[in-house]
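Asker: You'll find structure_1.cif just under this line, and it carries mmCIF, C-alpha atoms.
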data_protein
#
loop_
_atom_site.label_atom_id
_atom_site.label_comp_id
_atom_site.auth_asym_id
_atom_site.auth_seq_id
_atom_site.Cartn_x
_atom_site.Cartn_y
_atom_site.Cartn_z
CA MET A 19 103.11 132.82 172.28
CA THR A 20 102.99 130.91 175.56
CA THR A 21 101.39 127.49 175.97
CA ILE A 22 98.66 129.04 178.16
CA SER A 23 97.61 131.59 175.54
CA LEU A 24 97.69 128.92 172.82
CA SER A 25 95.45 126.70 174.92
CA LEU A 26 93.13 129.64 175.53
CA LEU A 27 92.87 130.27 171.79
CA PHE A 28 92.03 126.63 171.23
CA PHE A 29 89.47 126.34 174.02
CA LEU A 30 87.96 129.86 173.80
CA PRO A 31 85.36 129.00 171.13
CA LEU A 32 84.42 125.89 173.13
CA ILE A 33 84.09 127.86 176.38
CA VAL A 34 82.09 130.62 174.72
CA GLY A 35 79.87 128.01 173.03
CA VAL A 36 79.14 126.31 176.35
CA VAL A 37 78.42 129.67 178.03
CA MET A 38 76.03 130.57 175.20
CA LEU A 39 74.22 127.24 175.51
CA ILE A 40 73.90 127.64 179.29
CA ALA A 41 72.52 131.16 178.79
CA ALA A 42 70.04 129.79 176.23
CA GLY A 43 69.03 127.05 178.67
CA ILE A 44 68.42 129.59 181.47
CA ALA A 45 66.40 131.78 179.09
CA ALA A 46 64.34 128.74 178.04
CA VAL A 47 63.56 127.84 181.67
CA ARG A 48 62.59 131.44 182.45
CA ARG A 49 60.24 131.54 179.46
CA SER A 50 58.62 128.17 180.13
CA ARG A 51 55.68 129.49 182.16
CA SER A 52 52.48 128.47 180.47
CA MET A 53 49.41 130.63 180.03
CA THR A 54 46.63 130.00 182.57
CA PHE A 55 42.92 130.60 182.03
CA ASP A 56 39.56 128.93 182.53
CA GLU A 57 39.67 126.44 179.65
CA GLU A 58 36.15 125.17 180.33
CA ARG A 59 34.76 128.67 179.95
CA TYR A 60 36.74 129.30 176.76
CA PRO A 61 37.09 125.93 174.99
CA GLY A 62 37.68 127.67 171.66
CA LEU A 63 40.68 129.57 173.00
CA ALA A 64 42.02 126.39 174.64
CA ALA A 65 41.78 124.60 171.29
CA LEU A 66 43.44 127.53 169.54
CA ARG A 67 46.37 127.45 171.97
CA ARG A 68 46.71 123.67 171.77
CA VAL A 69 46.58 123.48 167.96
CA THR A 70 48.93 126.42 167.33
CA LEU A 71 51.51 124.91 169.72
CA ARG A 72 51.27 121.52 168.02
CA THR A 73 51.60 122.93 164.53
CA ARG A 74 54.48 125.12 165.71
CA TYR A 75 56.44 122.06 166.89
CA LEU A 76 55.51 120.11 163.76
CA GLY A 77 56.75 123.09 161.75
CA ILE A 78 60.03 123.18 163.70
CA ALA A 79 60.55 119.45 163.03
CA ALA A 80 59.71 119.90 159.33
CA SER A 81 61.98 122.94 159.09
CA VAL A 82 65.01 120.83 160.06
CA ALA A 83 64.32 118.46 157.14
CA VAL A 84 63.65 121.41 154.81
CA PHE A 85 66.94 123.00 155.86
CA PHE A 86 68.94 119.94 154.82
CA VAL A 87 66.98 119.38 151.59
CA VAL A 88 67.25 123.00 150.45
CA GLY A 89 70.83 123.19 151.72
CA SER A 90 71.85 120.48 149.27
CA LEU A 91 70.41 122.33 146.28
CA GLY A 92 72.56 124.10 143.68
CA ARG A 93 76.28 124.00 143.06
CA TYR A 94 79.08 125.15 145.38
CA GLY A 95 76.85 125.26 148.46
CA TRP A 96 74.30 127.68 146.97
CA GLY A 97 71.48 126.00 148.86
CA LEU A 98 73.07 126.69 152.26
CA PHE A 99 72.51 130.42 151.71
CA VAL A 100 68.78 129.90 151.04
CA ALA A 101 68.16 127.08 153.54
CA PRO A 102 67.68 129.31 156.67
CA ALA A 103 64.95 131.27 154.89
CA ALA A 104 63.24 128.11 153.64
CA ALA A 105 63.31 126.59 157.14
CA GLY A 106 62.03 129.82 158.72
CA ALA A 107 59.21 130.03 156.19
CA VAL A 108 58.09 126.52 157.18
CA VAL A 109 57.97 127.49 160.88
CA ILE A 110 55.98 130.67 160.18
CA ALA A 111 53.61 128.86 157.81
CA ALA A 112 53.05 126.13 160.42
CA ILE A 113 52.20 128.68 163.14
CA LEU A 114 49.77 130.40 160.78
CA PHE A 115 48.26 127.13 159.60
CA GLY A 116 47.42 126.15 163.17
CA GLN A 117 45.86 129.53 163.83
CA GLN A 118 43.80 129.61 160.64
CA LEU A 119 42.64 126.06 161.29
CA THR A 120 41.19 126.82 164.73
CA TYR A 121 40.42 130.50 165.15
CA THR A 122 36.77 130.13 164.13
CA ARG A 123 36.23 127.96 167.24
CA ALA A 124 37.40 130.84 169.43
CA ARG A 125 35.06 133.44 167.95
CA THR A 126 31.46 134.28 168.76
CA ALA A 127 29.85 135.45 165.55
CA GLY A 128 27.41 138.30 166.03
CA THR A 129 29.23 139.85 169.00
CA ALA A 130 31.97 142.46 169.06
CA GLY A 131 33.49 145.14 171.23
CA ILE A 132 34.52 148.67 170.36
CA GLU A 133 38.25 148.20 169.98
CA HIS A 134 40.89 149.11 167.44
CA ARG A 135 43.46 146.34 166.99
CA GLN A 136 46.75 147.05 165.24
CA VAL A 137 49.76 144.90 164.39
CA ARG A 138 51.99 146.96 166.71
CA ASP A 139 49.76 146.05 169.68
CA TYR A 140 51.06 142.48 169.45
CA LEU A 141 54.64 142.99 168.26
CA PRO A 142 57.30 142.03 170.83
CA ALA A 143 59.26 145.30 171.07
CA ARG A 144 62.76 144.02 171.84
CA THR A 145 62.65 140.98 169.55
CA THR A 146 61.36 143.11 166.68
CA THR A 147 64.06 145.74 167.21
CA ILE A 148 66.82 143.11 167.27
CA ALA A 149 65.45 141.32 164.18
CA GLY A 150 65.24 144.66 162.34
CA ALA A 151 68.81 145.60 163.31
CA VAL A 152 70.13 142.20 162.18
CA LEU A 153 68.24 142.58 158.89
CA ILE A 154 69.93 145.96 158.31
CA ILE A 155 73.39 144.52 159.10
CA LEU A 156 72.68 141.58 156.79
CA ALA A 157 71.73 144.01 154.00
CA VAL A 158 74.91 146.06 154.53
CA VAL A 159 77.30 143.07 154.72
CA GLY A 160 75.51 141.35 151.82
CA ALA A 161 75.69 144.48 149.66
CA TRP A 162 79.42 144.84 150.39
CA THR A 163 80.27 141.22 149.60
CA THR A 164 78.15 141.40 146.42
CA LEU A 165 80.00 144.53 145.27
CA VAL A 166 83.54 143.26 145.93
CA ALA A 167 83.04 139.69 144.66
CA THR A 168 84.64 138.68 141.39
CA PRO A 169 83.76 135.87 138.94
CA ASP A 170 85.33 132.44 139.34
CA GLU A 171 86.66 130.30 136.47
CA VAL A 172 83.09 129.53 135.26
CA GLY A 173 81.91 133.14 135.55
CA LEU A 174 79.98 132.89 138.84
CA ASP A 175 80.42 135.84 141.22
CA ARG A 176 81.69 133.84 144.19
CA THR A 177 85.37 134.70 144.51
CA PHE A 178 87.32 137.24 146.53
CA THR A 179 90.30 138.64 144.66
CA HIS A 180 93.00 140.47 146.55
CA ALA A 181 96.23 142.10 145.49
CA CYS A 182 99.27 141.79 147.73
CA VAL A 183 102.50 143.74 147.37
CA VAL A 184 105.44 141.52 148.32
CA GLN A 185 109.14 142.31 148.73
CA LEU A 186 111.42 140.21 146.49
CA TRP A 187 115.18 139.75 146.68
CA ASP A 188 116.66 138.22 143.54
CA GLN A 189 119.56 138.74 141.17
CA GLN A 190 118.21 142.18 140.22
CA GLY A 191 118.17 143.18 143.88
CA ASP A 192 115.44 144.24 146.25
CA HIS A 193 112.10 145.16 144.55
CA GLU A 194 108.35 144.98 145.06
CA GLN A 195 105.97 142.74 143.16
CA THR A 196 102.16 142.67 143.19
CA VAL A 197 100.72 139.20 143.61
CA VAL A 198 97.05 138.68 142.87
CA GLY A 199 95.35 135.90 144.83
CA THR A 200 91.79 134.59 144.87
CA SER A 201 89.79 132.71 147.45
CA SER A 202 86.38 131.15 147.30
CA PRO A 203 83.67 130.55 148.23
CA PHE A 204 82.92 134.21 148.84
CA PRO A 205 79.32 135.49 149.17
CA GLY A 206 79.03 137.33 145.86
CA SER A 207 75.87 137.73 143.81
CA TYR A 208 75.80 134.00 143.02
CA TYR A 209 74.82 133.46 146.67
CA THR A 210 73.41 136.80 147.81
CA ILE A 211 70.73 137.26 145.14
CA GLY A 212 69.08 133.98 146.10
CA MET A 213 69.48 134.82 149.76
CA ALA A 214 67.98 138.31 149.35
CA VAL A 215 64.95 137.00 147.44
CA ALA A 216 64.39 134.26 150.04
CA VAL A 217 64.74 136.64 153.02
CA LEU A 218 62.35 139.16 151.41
CA ALA A 219 59.84 136.37 150.77
CA VAL A 220 60.00 135.35 154.45
CA LEU A 221 59.65 139.00 155.49
CA MET A 222 56.46 139.24 153.42
CA LEU A 223 55.16 135.95 154.83
CA ALA A 224 55.88 137.21 158.36
CA TRP A 225 53.97 140.44 157.67
CA VAL A 226 51.00 138.53 156.25
CA GLY A 227 51.11 136.36 159.37
CA LEU A 228 51.15 139.35 161.71
CA VAL A 229 48.23 140.98 159.89
CA ALA A 230 46.25 137.71 159.98
CA THR A 231 47.01 137.35 163.70
CA THR A 232 45.80 140.88 164.39
CA ARG A 233 42.69 140.64 162.24
CA ARG A 234 41.31 137.29 163.28
CA PRO A 235 37.92 138.04 164.82
CA ARG A 236 36.89 137.88 168.48
CA ASN A 237 34.26 139.11 170.91
CA GLY A 238 36.11 142.17 172.19
CA ALA A 239 33.35 142.94 174.71
CA ASP A 240 34.41 140.15 177.08
CA PRO A 241 37.38 141.45 179.12
CA GLU A 242 38.58 137.98 180.25
CA LEU A 243 38.37 136.65 176.68
CA VAL A 244 40.29 139.70 175.48
CA ARG A 245 43.01 139.13 178.11
CA VAL A 246 43.56 135.51 177.12
CA ASP A 247 43.15 136.13 173.40
CA ASP A 248 45.62 139.04 173.52
CA ALA A 249 48.18 136.74 175.19
CA LEU A 250 47.64 134.13 172.46
CA ARG A 251 48.06 136.76 169.76
CA ARG A 252 51.25 138.08 171.40
CA GLN A 253 52.57 134.53 171.63
CA THR A 254 51.86 133.93 167.92
CA ALA A 255 53.30 137.29 166.85
CA GLU A 256 56.41 136.68 168.94
CA GLY A 257 56.87 133.27 167.32
CA ILE A 258 56.57 134.78 163.84
CA VAL A 259 59.01 137.63 164.56
CA ALA A 260 61.49 135.27 166.26
CA ALA A 261 61.33 132.84 163.32
CA PHE A 262 62.08 135.74 160.97
CA GLY A 263 64.87 136.89 163.31
CA LEU A 264 66.31 133.38 163.25
CA VAL A 265 66.29 133.50 159.44
CA VAL A 266 68.18 136.80 159.23
CA ALA A 267 70.58 136.02 162.09
CA THR A 268 71.60 132.58 160.78
CA SER A 269 71.87 134.01 157.25
CA LEU A 270 74.12 136.78 158.58
CA ALA A 271 76.22 134.29 160.55
CA GLY A 272 76.76 132.10 157.48
CA LEU A 273 77.41 135.01 155.13
CA SER A 274 79.86 136.74 157.48
CA TYR A 275 81.69 133.53 158.33
CA THR A 276 82.14 132.62 154.64
CA ALA A 277 83.36 136.12 153.88
CA ALA A 278 85.69 136.13 156.92
CA VAL A 279 87.35 132.88 155.83
CA ALA A 280 87.77 134.08 152.22
CA VAL A 281 89.17 137.48 153.20
CA GLY A 282 91.42 136.02 155.87
CA ASN A 283 92.71 133.21 153.66
CA GLN A 284 95.56 135.26 152.29
CA ALA A 285 95.50 138.25 154.56
CA CYS A 286 98.72 139.84 153.40
CA THR A 287 97.89 143.30 154.76
CA THR A 288 96.58 144.56 158.08
CA ALA A 289 93.38 145.77 156.37
CA TYR A 290 92.52 142.27 155.18
CA GLY A 291 93.35 140.83 158.58
CA LEU A 292 91.18 143.36 160.40
CA GLY A 293 88.38 142.88 157.86
CA SER A 294 88.48 139.15 158.36
CA TRP A 295 88.39 139.47 162.15
CA GLY A 296 85.57 142.03 161.92
CA LEU A 297 83.50 139.67 159.80
CA ALA A 298 84.25 136.79 162.17
CA ILE A 299 83.02 138.87 165.11
CA VAL A 300 79.82 139.75 163.20
CA ALA A 301 79.33 136.02 162.47
CA PHE A 302 79.85 135.14 166.13
CA VAL A 303 77.43 137.82 167.40
CA ALA A 304 74.87 136.74 164.78
CA LEU A 305 75.21 133.18 166.01
CA ALA A 306 74.59 134.27 169.61
CA VAL A 307 71.52 136.26 168.50
CA SER A 308 70.33 133.20 166.55
CA LEU A 309 70.36 131.21 169.78
CA ARG A 310 68.18 133.84 171.44
CA PHE A 311 65.65 133.67 168.58
CA ALA A 312 65.77 129.87 168.61
CA VAL A 313 64.86 129.84 172.32
CA ILE A 314 61.84 132.08 171.64
CA VAL A 315 60.68 129.85 168.77
CA LEU A 316 61.16 126.66 170.81
CA VAL A 317 59.69 127.96 174.10
CA PRO A 318 56.61 130.09 173.30
CA GLY A 319 56.23 131.65 176.79
CA ASP A 320 52.96 132.83 178.30
CA GLY A 321 52.27 135.75 175.95
CA SER A 322 52.42 138.17 178.84
CA SER A 323 52.63 141.84 177.87
CA ARG A 324 54.92 142.56 180.86
CA ARG A 325 57.73 140.58 179.26
CA SER A 326 58.59 142.65 176.22
CA SER A 327 61.05 140.07 174.92
CA MET B 9 32.66 150.31 180.60
CA THR B 10 33.11 147.98 177.64
CA VAL B 11 30.61 148.58 174.86
CA ALA B 12 29.26 145.27 173.60
CA LEU B 13 27.74 145.07 170.15
CA ARG B 14 25.42 142.18 169.52
CA LEU B 15 23.51 141.32 166.36
CA ASP B 16 20.40 139.23 166.89
CA PRO B 17 19.81 136.87 163.95
CA GLY B 18 16.19 136.42 165.09
CA ASP B 19 15.48 140.15 164.93
CA PRO B 20 13.72 141.14 161.67
CA THR B 21 15.59 144.49 161.78
CA PRO B 22 18.40 144.44 159.16
CA PRO B 23 21.86 143.90 160.70
CA TYR B 24 23.14 147.30 159.52
CA GLU B 25 20.25 149.00 161.35
CA GLN B 26 20.80 146.94 164.51
CA LEU B 27 24.44 148.00 164.46
CA ARG B 28 23.66 151.63 163.67
CA ARG B 29 21.14 151.79 166.49
CA GLN B 30 23.51 150.27 169.06
CA LEU B 31 26.38 152.55 168.11
CA ALA B 32 24.12 155.60 168.08
CA THR B 33 22.80 154.73 171.54
CA ALA B 34 26.32 154.19 172.91
CA ILE B 35 27.42 157.59 171.54
CA GLU B 36 24.33 159.46 172.68
CA ALA B 37 24.49 157.87 176.13
CA GLY B 38 28.09 159.04 176.49
CA LEU B 39 29.59 155.52 176.57
CA LEU B 40 31.65 156.48 173.54
CA LEU B 41 33.17 159.90 174.07
CA PRO B 42 34.03 162.47 171.37
CA GLY B 43 37.23 161.45 169.59
CA ALA B 44 36.93 157.77 170.59
CA ARG B 45 38.23 155.59 167.82
CA LEU B 46 35.89 153.04 166.29
CA PRO B 47 37.09 149.73 164.81
CA THR B 48 37.92 149.63 161.13
CA VAL B 49 35.11 148.47 158.87
CA ARG B 50 37.00 145.27 158.04
CA GLN B 51 37.76 144.41 161.67
CA LEU B 52 34.23 145.05 162.94
CA ALA B 53 32.73 143.09 160.03
CA ALA B 54 35.04 140.16 160.80
CA ASP B 55 34.30 140.27 164.55
CA LEU B 56 30.54 140.35 163.97
CA GLY B 57 30.67 137.85 161.12
CA VAL B 58 28.89 140.12 158.63
CA ALA B 59 29.80 141.55 155.22
CA THR B 60 31.92 144.71 155.18
CA GLY B 61 29.06 146.42 153.30
CA THR B 62 26.85 146.02 156.40
CA VAL B 63 29.30 147.92 158.61
CA MET B 64 30.01 150.47 155.87
CA ARG B 65 26.30 151.25 155.61
CA SER B 66 25.95 151.65 159.39
CA TYR B 67 28.99 153.97 159.52
CA ALA B 68 27.69 155.98 156.53
CA GLU B 69 24.35 156.59 158.26
CA LEU B 70 26.02 157.49 161.56
CA GLU B 71 28.24 159.92 159.70
CA ARG B 72 25.24 161.45 157.95
CA ASP B 73 23.65 161.95 161.38
CA GLY B 74 26.80 163.73 162.59
CA LEU B 75 27.61 161.11 165.22
CA ILE B 76 30.90 159.89 163.76
CA VAL B 77 33.61 161.30 161.50
CA THR B 78 35.73 159.37 158.99
CA ARG B 79 39.06 160.89 158.01
CA ARG B 80 41.25 159.51 155.25
CA GLY B 81 44.15 157.78 156.95
CA GLY B 82 42.84 158.73 160.39
CA GLY B 83 40.16 156.10 160.80
CA THR B 84 36.65 156.57 162.13
CA THR B 85 36.08 158.44 165.39
CA VAL B 86 33.14 159.71 167.39
CA GLY B 87 32.29 163.28 166.32
CA ASP B 88 33.37 166.25 168.41
CA SER B 89 29.89 167.29 169.47
CA PRO B 90 27.47 164.43 168.99
CA ARG B 91 23.99 164.97 170.37
CA THR B 92 23.57 163.40 173.80
CA LEU B 93 20.55 161.91 175.46
CA SER B 94 18.75 163.93 178.10
CA GLU B 95 17.92 162.25 181.39
CA ALA B 96 14.28 162.03 180.34
CA GLU B 97 15.20 160.48 176.98
CA ARG B 98 17.49 157.92 178.70
CA GLY B 99 14.66 156.97 181.03
CA ARG B 100 12.24 156.64 178.15
CA ARG B 101 14.63 154.40 176.19
CA LEU B 102 15.32 152.21 179.23
CA ALA B 103 11.57 151.79 179.76
CA GLU B 104 11.18 150.79 176.09
CA ILE B 105 14.00 148.24 176.24
CA THR B 106 12.75 146.82 179.54
CA ALA B 107 9.21 146.49 178.24
CA THR B 108 10.42 144.63 175.15
CA PHE B 109 12.60 142.33 177.26
CA VAL B 110 9.86 141.55 179.80
CA SER B 111 7.23 140.87 177.15
CA GLN B 112 9.59 138.56 175.23
CA ALA B 113 10.61 136.76 178.43
CA ARG B 114 6.94 136.18 179.34
CA LEU B 115 6.36 134.70 175.89
CA VAL B 116 8.77 131.89 176.74
CA GLY B 117 6.72 131.11 179.85
CA VAL B 118 8.90 132.34 182.72
CA ASP B 119 7.49 134.05 185.81
CA ASP B 120 8.51 137.41 187.29
CA ASP B 121 10.91 135.89 189.83
CA GLU B 122 12.78 134.06 187.09
CA ILE B 123 12.99 137.28 185.06
CA ARG B 124 14.40 139.16 188.07
CA GLY B 125 16.83 136.31 188.76
CA ALA B 126 18.02 136.36 185.13
CA VAL B 127 18.62 140.12 185.27
CA ASP B 128 20.41 139.86 188.63
CA SER B 129 22.73 137.10 187.40
CA LEU B 130 23.53 139.08 184.28
CA LEU B 131 24.35 142.19 186.30
CA GLY B 132 26.47 140.13 188.68
#
Go ahead and express the file in the form of structure tokens.

Answerer:
Amino acid sequence: MTTISLSLLFFLPLIVGVVMLIAAGIAAVRRSRSMTFDEERYPGLAALRRVTLRTRYLGIAASVAVFFVVGSLGRYGWGLFVAPAAAGAVVIAAILFGQQLTYTRARTAGTAGIEHRQVRDYLPARTTTIAGAVLIILAVVGAWTTLVATPDEVGLDRTFTHACVVQLWDQQGDHEQTVVGTSSPFPGSYYTIGMAVAVLAVLMLAWVGLVATTRRPRNGADPELVRVDDALRRQTAEGIVAAFGLVVATSLAGLSYTAAVAVGNQACTTAYGLGSWGLAIVAFVALAVSLRFAVIVLVPGDGSSRRSS
Amino acid sequence: MTVALRLDPGDPTPPYEQLRRQLATAIEAGLLLPGARLPTVRQLAADLGVATGTVMRSYAELERDGLIVTRRGGGTTVGDSPRTLSEAERGRRLAEITATFVSQARLVGVDDDEIRGAVDSLLG
């Protein structure tokens, strides 16, 4: 291999990382338009927007601490497989807390419009589709690693065992021998059960949040109020879906990366090598998708229905 | 046109009847067309700030009168052939509502010009 290609291999992850960060920065700037409306006419909606944004950022700050606390739980890095879900749950709970704290100020009891609100009216189409696809991939990869994992020396399913056929030349001549090797950590049931329970819990929390966002009352007979309130609901729903997407994407990145390293550790056959590279690519794509979700969580946007992010 | 529902806490008429009457008028006046979907009981109760039983009772009476239809899993919609108001009936109802409004406005001590001004500003 030439010096140039070796340098490329060394710098490629760095270059790709920088490109991804620049793309995330551009996306953040593009999303940073704030919602405009007559705040004096709708002080309740202004308070709702202000409080939900504050609690969202408080939640993001708290989620970082929660990630590190939960990440340190358990043996052999168990907590790191649950930490993304715990952190995501904190962000979603914070968004909901802000909404539940203030929505009564934005309502006018005794007035209503004839309208039928549904969760899908506020779901961000593209973000929801991507989060759903990542969840499916996470389920597939997690199921595979759970099935192929073997117990370690203390009986925990967190090892990848692989058999390699090697050619030997000794006094008896040329013959084949099967060598069994193990590598860990590998995302077996010791890690994936906790992860699955945590991700399902966040999925349920996200659904509860979306239903609460859809159902919170309003005076649907005031078209301007409906316009602003719809934007606020879309902004909240997008934050919830993106936080869930961040949970599944970072979980998938961690799971795939761990599996890729374990499988590739003693890749004595082409199949193991390809499998390891495949898992590494999944981990890399999941990381890129995580960045996209992180931008949406960090920069709420204007809740416009035109931007089906 | 957006149909606005408004419950008056000062009105001695029970809330379910106020709601029933407003929905019936909107349907009979053609503001809500056949097949138009009504809010769920839970959503409308939350928006108005009343118990779900209040909305359920209004819907039940409207259904009994043939104005709306509730299908399991399909929600509540305006019936296919609800009775509609004739021109004469619309005029009579408008006269009733206007008379009530004017008499109540006079009770708070405003003159005719102020009443006209209030109506004009409301109509834009």

Asker: Exactly which residues make up the result of the PyMOL selection byres ((chain B) within 9 of (chain A)) on this file, given as an MDAnalysis selection string?

Answerer: chainID B and resid 10:17 40 45:48 50:58

Asker: Residues within 6 Å of stretch 80-87 of chain B, please, as a list in words. Count only C-alpha atoms; anything in the same chain fewer than 2 positions from it doesn't count.

Answerer: Pro42, Gly43, Ala44, Arg45, Leu46, Leu75, Ile76, Val77, Thr78, Ser89 and Pro90 of chain B

Asker: Got a sec to resolve the PyMOL selection byres ((chain B and resi 102-109) around 12) on this structure and send the residues as a ChimeraX atom specification?

Answerer: /B:33,37,93,95-101,110-116,118,120,123-124,126-127

Asker: With the PyMOL selection byres ((chain A and resi 178) around 9) as the selection, what would be picked from this file? Answer as a VMD selection string, please.

Answerer: chain A and resid 163 166 to 170 175 to 177 179 to 180 199 to 206 277 280 to 281

Asker: One decimal, Å: what's the distance from atom CA of A:Ile211 over to atom CA of A:Ala105, could you say?

Answerer: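 Straight-line distance from atom CA of A:Ile211 to atom CA of A:Ala105 works out to 17.7 Å.
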
Asker: Would you please work out which residue, of A:Ile78, A:Val34, A:Ile110, A:Ala157, is nearest to A:Trp225 when using only C-alpha atoms?

Answerer: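 Using only C-alpha atoms, the shortest distance to A:Trp225 belongs to A:Ile110.
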
Asker: Could you tell me how far atom CA of B:Gly74 lies from atom CA of B:Asp88, in Å and to one decimal?

Answerer: 9.1 Å

Asker: Of the candidates A:Ala104, A:Arg59, A:Gly191, A:Leu264, which one gets nearest to A:Gly150 if we count all atoms listed in the file?

Answerer: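 Of A:Ala104, A:Arg59, A:Gly191, A:Leu264, the one nearest A:Gly150, counting all atoms listed in the file, is A:Leu264.
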
Asker: Mind pulling up the distance from atom CA of A:Gly291 to atom CA of A:Leu98?

Answerer: 25.5 Å

Asker: Got a sec: who's within 6 Å of stretch 111-115 of chain A, counting all atoms listed in the file, leaving out chain neighbours fewer than 2 positions off, as a PyMOL selection string?

Answerer: chain A and resi 70+73-74+77+107-109+117-119

Asker: Grab the residues selected above and save them as a short mmCIF file (atom, residue, chain, number, x, y, z; two decimals), in the coordinates of the input with C-alpha atoms.

Answerer:
data_model
loop_
_atom_site.label_atom_id
_atom_site.label_comp_id
_atom_site.auth_asym_id
_atom_site.auth_seq_id
_atom_site.Cartn_x
_atom_site.Cartn_y
_atom_site.Cartn_z
CA THR A 70 48.93 126.42 167.33
CA THR A 73 51.60 122.93 164.53
CA ARG A 74 54.48 125.12 165.71
CA GLY A 77 56.75 123.09 161.75
CA ALA A 107 59.21 130.03 156.19
CA VAL A 108 58.09 126.52 157.18
CA VAL A 109 57.97 127.49 160.88
CA GLN A 117 45.86 129.53 163.83
CA GLN A 118 43.80 129.61 160.64
CA LEU A 119 42.64 126.06 161.29
#

Asker: Which residue is closest to A:Leu273? Choose from A:Gln185, A:Ser207, A:Ser81, A:Thr145 and count all atoms listed in the file.

Answerer: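 When distances to A:Leu273 are compared using all atoms listed in the file, the smallest one comes from A:Ser207.
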
Asker: Is it possible to add N, CA and C atoms to stretch 242-259 of chain A and hand it back as a PDB file, keeping the file's coordinate frame?

Answerer:
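Saved as out-v1.pdb:
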ATOM      1  N   GLU A 242      37.744 139.154 179.956  1.00  0.00           N
ATOM      2  CA  GLU A 242      38.580 137.980 180.250  1.00  0.00           C
ATOM      3  C   GLU A 242      39.000 137.292 178.943  1.00  0.00           C
ATOM      4  N   LEU A 243      38.045 137.224 177.997  1.00  0.00           N
ATOM      5  CA  LEU A 243      38.370 136.650 176.680  1.00  0.00           C
ATOM      6  C   LEU A 243      39.450 137.483 176.002  1.00  0.00           C
ATOM      7  N   VAL A 244      39.307 138.806 176.108  1.00  0.00           N
ATOM      8  CA  VAL A 244      40.290 139.700 175.480  1.00  0.00           C
ATOM      9  C   VAL A 244      41.666 139.499 176.104  1.00  0.00           C
ATOM     10  N   ARG A 245      41.717 139.325 177.428  1.00  0.00           N
ATOM     11  CA  ARG A 245      43.010 139.130 178.110  1.00  0.00           C
ATOM     12  C   ARG A 245      43.710 137.872 177.595  1.00  0.00           C
ATOM     13  N   VAL A 246      42.969 136.778 177.556  1.00  0.00           N
ATOM     14  CA  VAL A 246      43.560 135.510 177.120  1.00  0.00           C
ATOM     15  C   VAL A 246      43.897 135.555 175.633  1.00  0.00           C
ATOM     16  N   ASP A 247      42.955 136.084 174.859  1.00  0.00           N
ATOM     17  CA  ASP A 247      43.150 136.130 173.400  1.00  0.00           C
ATOM     18  C   ASP A 247      44.330 137.043 173.036  1.00  0.00           C
ATOM     19  N   ASP A 248      44.465 138.155 173.760  1.00  0.00           N
ATOM     20  CA  ASP A 248      45.620 139.040 173.520  1.00  0.00           C
ATOM     21  C   ASP A 248      46.934 138.306 173.775  1.00  0.00           C
ATOM     22  N   ALA A 249      46.961 137.506 174.864  1.00  0.00           N
ATOM     23  CA  ALA A 249      48.180 136.740 175.190  1.00  0.00           C
ATOM     24  C   ALA A 249      48.492 135.735 174.079  1.00  0.00           C
ATOM     25  N   LEU A 250      47.436 135.086 173.559  1.00  0.00           N
ATOM     26  CA  LEU A 250      47.640 134.130 172.460  1.00  0.00           C
ATOM     27  C   LEU A 250      48.175 134.830 171.212  1.00  0.00           C
ATOM     28  N   ARG A 251      47.604 136.010 170.935  1.00  0.00           N
ATOM     29  CA  ARG A 251      48.060 136.760 169.760  1.00  0.00           C
ATOM     30  C   ARG A 251      49.521 137.207 169.929  1.00  0.00           C
ATOM     31  N   ARG A 252      49.862 137.661 171.153  1.00  0.00           N
ATOM     32  CA  ARG A 252      51.250 138.080 171.400  1.00  0.00           C
ATOM     33  C   ARG A 252      52.196 136.894 171.246  1.00  0.00           C
ATOM     34  N   GLN A 253      51.747 135.740 171.724  1.00  0.00           N
ATOM     35  CA  GLN A 253      52.570 134.530 171.630  1.00  0.00           C
ATOM     36  C   GLN A 253      52.807 134.159 170.146  1.00  0.00           C
ATOM     37  N   THR A 254      51.747 134.245 169.357  1.00  0.00           N
ATOM     38  CA  THR A 254      51.860 133.930 167.920  1.00  0.00           C
ATOM     39  C   THR A 254      52.757 134.950 167.213  1.00  0.00           C
ATOM     40  N   ALA A 255      52.512 136.231 167.493  1.00  0.00           N
ATOM     41  CA  ALA A 255      53.300 137.290 166.850  1.00  0.00           C
ATOM     42  C   ALA A 255      54.773 137.168 167.224  1.00  0.00           C
ATOM     43  N   GLU A 256      55.032 136.837 168.481  1.00  0.00           N
ATOM     44  CA  GLU A 256      56.410 136.680 168.940  1.00  0.00           C
ATOM     45  C   GLU A 256      57.093 135.516 168.217  1.00  0.00           C
ATOM     46  N   GLY A 257      56.338 134.429 168.044  1.00  0.00           N
ATOM     47  CA  GLY A 257      56.870 133.270 167.320  1.00  0.00           C
ATOM     48  C   GLY A 257      57.209 133.622 165.880  1.00  0.00           C
ATOM     49  N   ILE A 258      56.345 134.390 165.236  1.00  0.00           N
ATOM     50  CA  ILE A 258      56.570 134.780 163.840  1.00  0.00           C
ATOM     51  C   ILE A 258      57.809 135.681 163.727  1.00  0.00           C
ATOM     52  N   VAL A 259      57.877 136.690 164.613  1.00  0.00           N
ATOM     53  CA  VAL A 259      59.010 137.630 164.560  1.00  0.00           C
ATOM     54  C   VAL A 259      60.321 136.905 164.888  1.00  0.00           C
TER      55      VAL A 259
END
